[in-house]
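Participant: Supplied in structure tokens, the structure appears directly below.
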Amino acid sequence: QNSESKAVFANVDYKFTDQWTASAGVRYTEDDKEISLRPLVSCGATPTGCDALAFIPDARSWSNTSPRFVLRYMPSDDLNFYASFSKGYRAGNYNARVGTAQALRTPANPETNESIELGFKGEFLDRRLRTNLAIFNADYTDIQRTATVLNSVPSISTLTNAGKATIRGIEIDGSWLATDSLRLDFGFGITDAKYDELVGIACPPCGDKTSPTDLEFDKLAPWTANVAVTHTAQLANGEL
């Protein structure tokens with residue numbers, strides 16, 4: 001495979017009062033992909049059995065324009081409230097484990113993600129305490145998923161735009177400089193993701209779920225947390 005991605009972006013900030021600032025940005029992306037492979041099939045009993053298979057070539061191009069808007073309010077130098085809307089994009093993809101030319105030449109189309117975020121950043125106690133808070137909601141569409149065609153012999157793998165999902169969450173993190181040599185860092189986040197649509201899956205079998213949209217979102221941590229303590233000691237020639 002060969003992949004080439006080109007993009008151009010611009011962003012403008014406009015401060016219309018001492019406290020209010022608006023930002024607007026846009027990104028244009030163009031992706032070109034080429035692939036040439038032998039299908040993943042049985043090649044016979046000899047190690048060189050695949051040598052007789054012809055390479056299947058294909059090429060695709062995708063483009064996307066993604067905007068971003070932010071409204072920021074700073075009542076003081078230590079406080080920052082903001083609201084943002086942004087759109088994300090992931091290029092289309094080939095499935096390199098296909099068994100037929102037709103499956104190769106039907107790659108998955110791009111994914112998109114539209115996100116709204118409300119947040120707050122603040123500094124307190126003479127800037128010794130910093131905190132960040134964010135609440136977000138994302139609409140995730142044209143999700144790319146790999147699946148195996150049921151009852152296919154040999155097994156046929158497909159890569160399709162299988163679904164839509166809504167992802168919501170809240171995150172908070174901060175840093176407290178308790179003394180000049182002791183710092184505490186902390187963070188906590190909760191994420192809830194649910195499929196709104198998931199095609200190509202029949203229930204049963206879905207374990208204890210009755211609908212494909214009840215399946216758990218893969219590779220997602222429902223919550224995350226971290227705590228770190230740093231103590232800095234002065235030495236004769238440096239710090240420990």
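Each chain in the structure tokens gets a letter, A, B and so on, in the order shown; residues start at 1 in every chain, and ligands are counted from 1 in the order they appear.
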Contacts between range 23-40 of chain A and range 74-153 of chain A, please, where a residue of range 74-153 of chain A counts if it comes within 8 Å (with only C-alpha atoms); show its shortest atom pair and distance in Å to one decimal, rows by chain and ascending number, as CSV.
Facilitator:
residue,atom,partner,partner_atom,distance
A:Ala91,CA,A:Asp31,CA,6.6
A:Tyr94,CA,A:Ile35,CA,7.8
A:Ala96,CA,A:Leu37,CA,7.6
A:Arg97,CA,A:Leu40,CA,5.9
A:Val98,CA,A:Pro39,CA,5.8
A:Gly99,CA,A:Pro39,CA,4.7
A:Thr100,CA,A:Pro39,CA,6.0
A:Ala101,CA,A:Pro39,CA,7.3
Participant: Those residues you just picked out, can you put them in a file as an mmCIF file, in the first residue's frame with N, CA, C and O atoms?
Facilitator:
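Below is the file that was written, out20.cif:
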data_model
loop_
_atom_site.group_PDB
_atom_site.id
_atom_site.type_symbol
_atom_site.label_atom_id
_atom_site.label_comp_id
_atom_site.auth_asym_id
_atom_site.auth_seq_id
_atom_site.Cartn_x
_atom_site.Cartn_y
_atom_site.Cartn_z
ATOM 1 N N ALA A 91 -9.606 9.086 7.080
ATOM 2 C CA ALA A 91 -9.689 8.703 5.671
ATOM 3 C C ALA A 91 -10.282 7.310 5.508
ATOM 4 O O ALA A 91 -10.298 6.491 6.428
ATOM 5 N N TYR A 94 -8.530 0.535 2.994
ATOM 6 C CA TYR A 94 -8.618 -0.764 2.346
ATOM 7 C C TYR A 94 -8.508 -1.873 3.384
ATOM 8 O O TYR A 94 -7.893 -1.712 4.434
ATOM 9 N N ALA A 96 -6.776 -5.267 3.812
ATOM 10 C CA ALA A 96 -5.689 -6.041 3.222
ATOM 11 C C ALA A 96 -5.814 -7.542 3.493
ATOM 12 O O ALA A 96 -4.877 -8.301 3.227
ATOM 13 N N ARG A 97 -6.967 -7.988 4.015
ATOM 14 C CA ARG A 97 -7.169 -9.421 4.283
ATOM 15 C C ARG A 97 -8.342 -9.977 3.465
ATOM 16 O O ARG A 97 -9.015 -10.923 3.877
ATOM 17 N N VAL A 98 -8.571 -9.367 2.312
ATOM 18 C CA VAL A 98 -9.703 -9.800 1.492
ATOM 19 C C VAL A 98 -9.373 -11.090 0.740
ATOM 20 O O VAL A 98 -8.211 -11.442 0.550
ATOM 21 N N GLY A 99 -10.432 -11.767 0.289
ATOM 22 C CA GLY A 99 -10.248 -12.994 -0.468
ATOM 23 C C GLY A 99 -10.687 -12.882 -1.916
ATOM 24 O O GLY A 99 -10.505 -13.825 -2.690
ATOM 25 N N THR A 100 -11.292 -11.725 -2.283
ATOM 26 C CA THR A 100 -11.760 -11.554 -3.652
ATOM 27 C C THR A 100 -11.400 -10.159 -4.153
ATOM 28 O O THR A 100 -11.211 -9.219 -3.367
ATOM 29 N N ALA A 101 -11.352 -10.014 -5.473
ATOM 30 C CA ALA A 101 -11.079 -8.709 -6.074
ATOM 31 C C ALA A 101 -12.204 -7.723 -5.789
ATOM 32 O O ALA A 101 -11.965 -6.535 -5.577
#
Participant: Give me the residues near Pro110 in chain A as a list in words, where near means some atom within 12 Å (using only C-alpha atoms) and where sequence neighbours in that chain fewer than 2 positions away do not count.
Facilitator: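 After dropping sequence-adjacent residues, the list is Thr29, Glu30, Asp31, Arg60, Ser61, Trp62, Ser63, Asn64, Gly88, Tyr89, Arg90, Ala91, Gly92, Asn93, Tyr94, Pro107, Ala108, Thr112, Asn113, Tyr140, Thr141, Asp142, Ile143, Gln144, Arg145, Leu159, Thr160, Asn161 and Ala162 of chain A.
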Participant: Could you pull the residues within 12 Å of range 212-229 of chain A, counting only C-alpha atoms, minus those fewer than 6 positions along the same chain, as a ChimeraX atom specification?
Facilitator: /A:140,143,145,162-179,181-206
Participant: Got time to write the residues from that selection, C-alpha atoms, as a short mmCIF file (atom, residue, chain, number, x, y, z; two decimals), in the first residue's frame?
Facilitator:
data_model
loop_
_atom_site.label_atom_id
_atom_site.label_comp_id
_atom_site.auth_asym_id
_atom_site.auth_seq_id
_atom_site.Cartn_x
_atom_site.Cartn_y
_atom_site.Cartn_z
CA TYR A 140 -19.43 9.49 15.51
CA ILE A 143 -17.62 3.92 11.86
CA ARG A 145 -15.42 -2.03 11.36
CA ALA A 162 -20.87 -0.29 10.03
CA GLY A 163 -22.43 2.18 12.36
CA LYS A 164 -23.08 5.38 14.27
CA ALA A 165 -22.42 6.16 17.91
CA THR A 166 -22.82 8.89 20.52
CA ILE A 167 -19.91 9.46 22.90
CA ARG A 168 -20.33 11.60 26.02
CA GLY A 169 -18.03 12.30 28.89
CA ILE A 170 -16.47 14.55 31.48
CA GLU A 171 -12.82 15.07 32.35
CA ILE A 172 -11.10 16.96 35.16
CA ASP A 173 -7.41 17.35 35.84
CA GLY A 174 -5.17 19.67 37.76
CA SER A 175 -1.90 20.38 39.47
CA TRP A 176 -1.27 21.71 42.99
CA LEU A 177 2.08 23.08 44.05
CA ALA A 178 1.72 22.45 47.79
CA THR A 179 5.21 23.77 48.54
CA SER A 181 9.36 21.36 46.31
CA LEU A 182 6.15 19.28 46.42
CA ARG A 183 3.68 19.02 43.53
CA LEU A 184 0.52 16.91 43.24
CA ASP A 185 -0.97 16.12 39.80
CA PHE A 186 -4.37 14.46 39.39
CA GLY A 187 -6.90 13.55 36.74
CA PHE A 188 -10.22 11.74 36.37
CA GLY A 189 -12.47 11.06 33.41
CA ILE A 190 -15.74 9.27 32.63
CA THR A 191 -16.72 8.28 29.09
CA ASP A 192 -20.02 6.78 27.96
CA ALA A 193 -20.29 5.50 24.39
CA LYS A 194 -23.32 3.84 22.83
CA TYR A 195 -24.00 2.58 19.34
CA ASP A 196 -26.98 4.26 17.72
CA GLU A 197 -26.72 1.99 14.68
CA LEU A 198 -24.68 -1.12 13.92
CA VAL A 199 -25.35 -2.90 10.62
CA GLY A 200 -24.20 -6.33 9.50
CA ILE A 201 -24.67 -7.96 12.92
CA ALA A 202 -27.55 -10.23 13.89
CA CYS A 203 -28.60 -11.05 17.45
CA PRO A 204 -28.40 -13.82 18.52
CA PRO A 205 -25.55 -14.52 18.89
CA CYS A 206 -24.69 -11.42 20.94
#
Participant: Could you pull out the residues in range 1-107 of chain A that DSSP calls strand (DSSP E) from the backbone, as an MDAnalysis selection string?
Facilitator: chainID A and resid 2:15 20:37 56:76 79:90
Participant: Rank A:Asn132, A:Ser115, A:Thr106, A:Gln1 by their smallest atom-to-atom distance to Leu79 in chain A, using only C-alpha atoms, and report the top residue only.
Facilitator: A:Asn132
Participant: Using only C-alpha atoms, find the one residue out of A:Leu129, A:Ala59, A:Leu53, A:Ile116 that sits nearest to Ser3 in chain A.
Facilitator: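 Looking at the shortest contact to Ser3 in chain A, the residue is A:Ala59.
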Participant: So what do you get for CA of Ser86 in chain A versus CA of Gln19 in chain A, distance-wise?
Facilitator: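 CA of Gln19 in chain A lies at a distance of 22.2 Å from CA of Ser86 in chain A.
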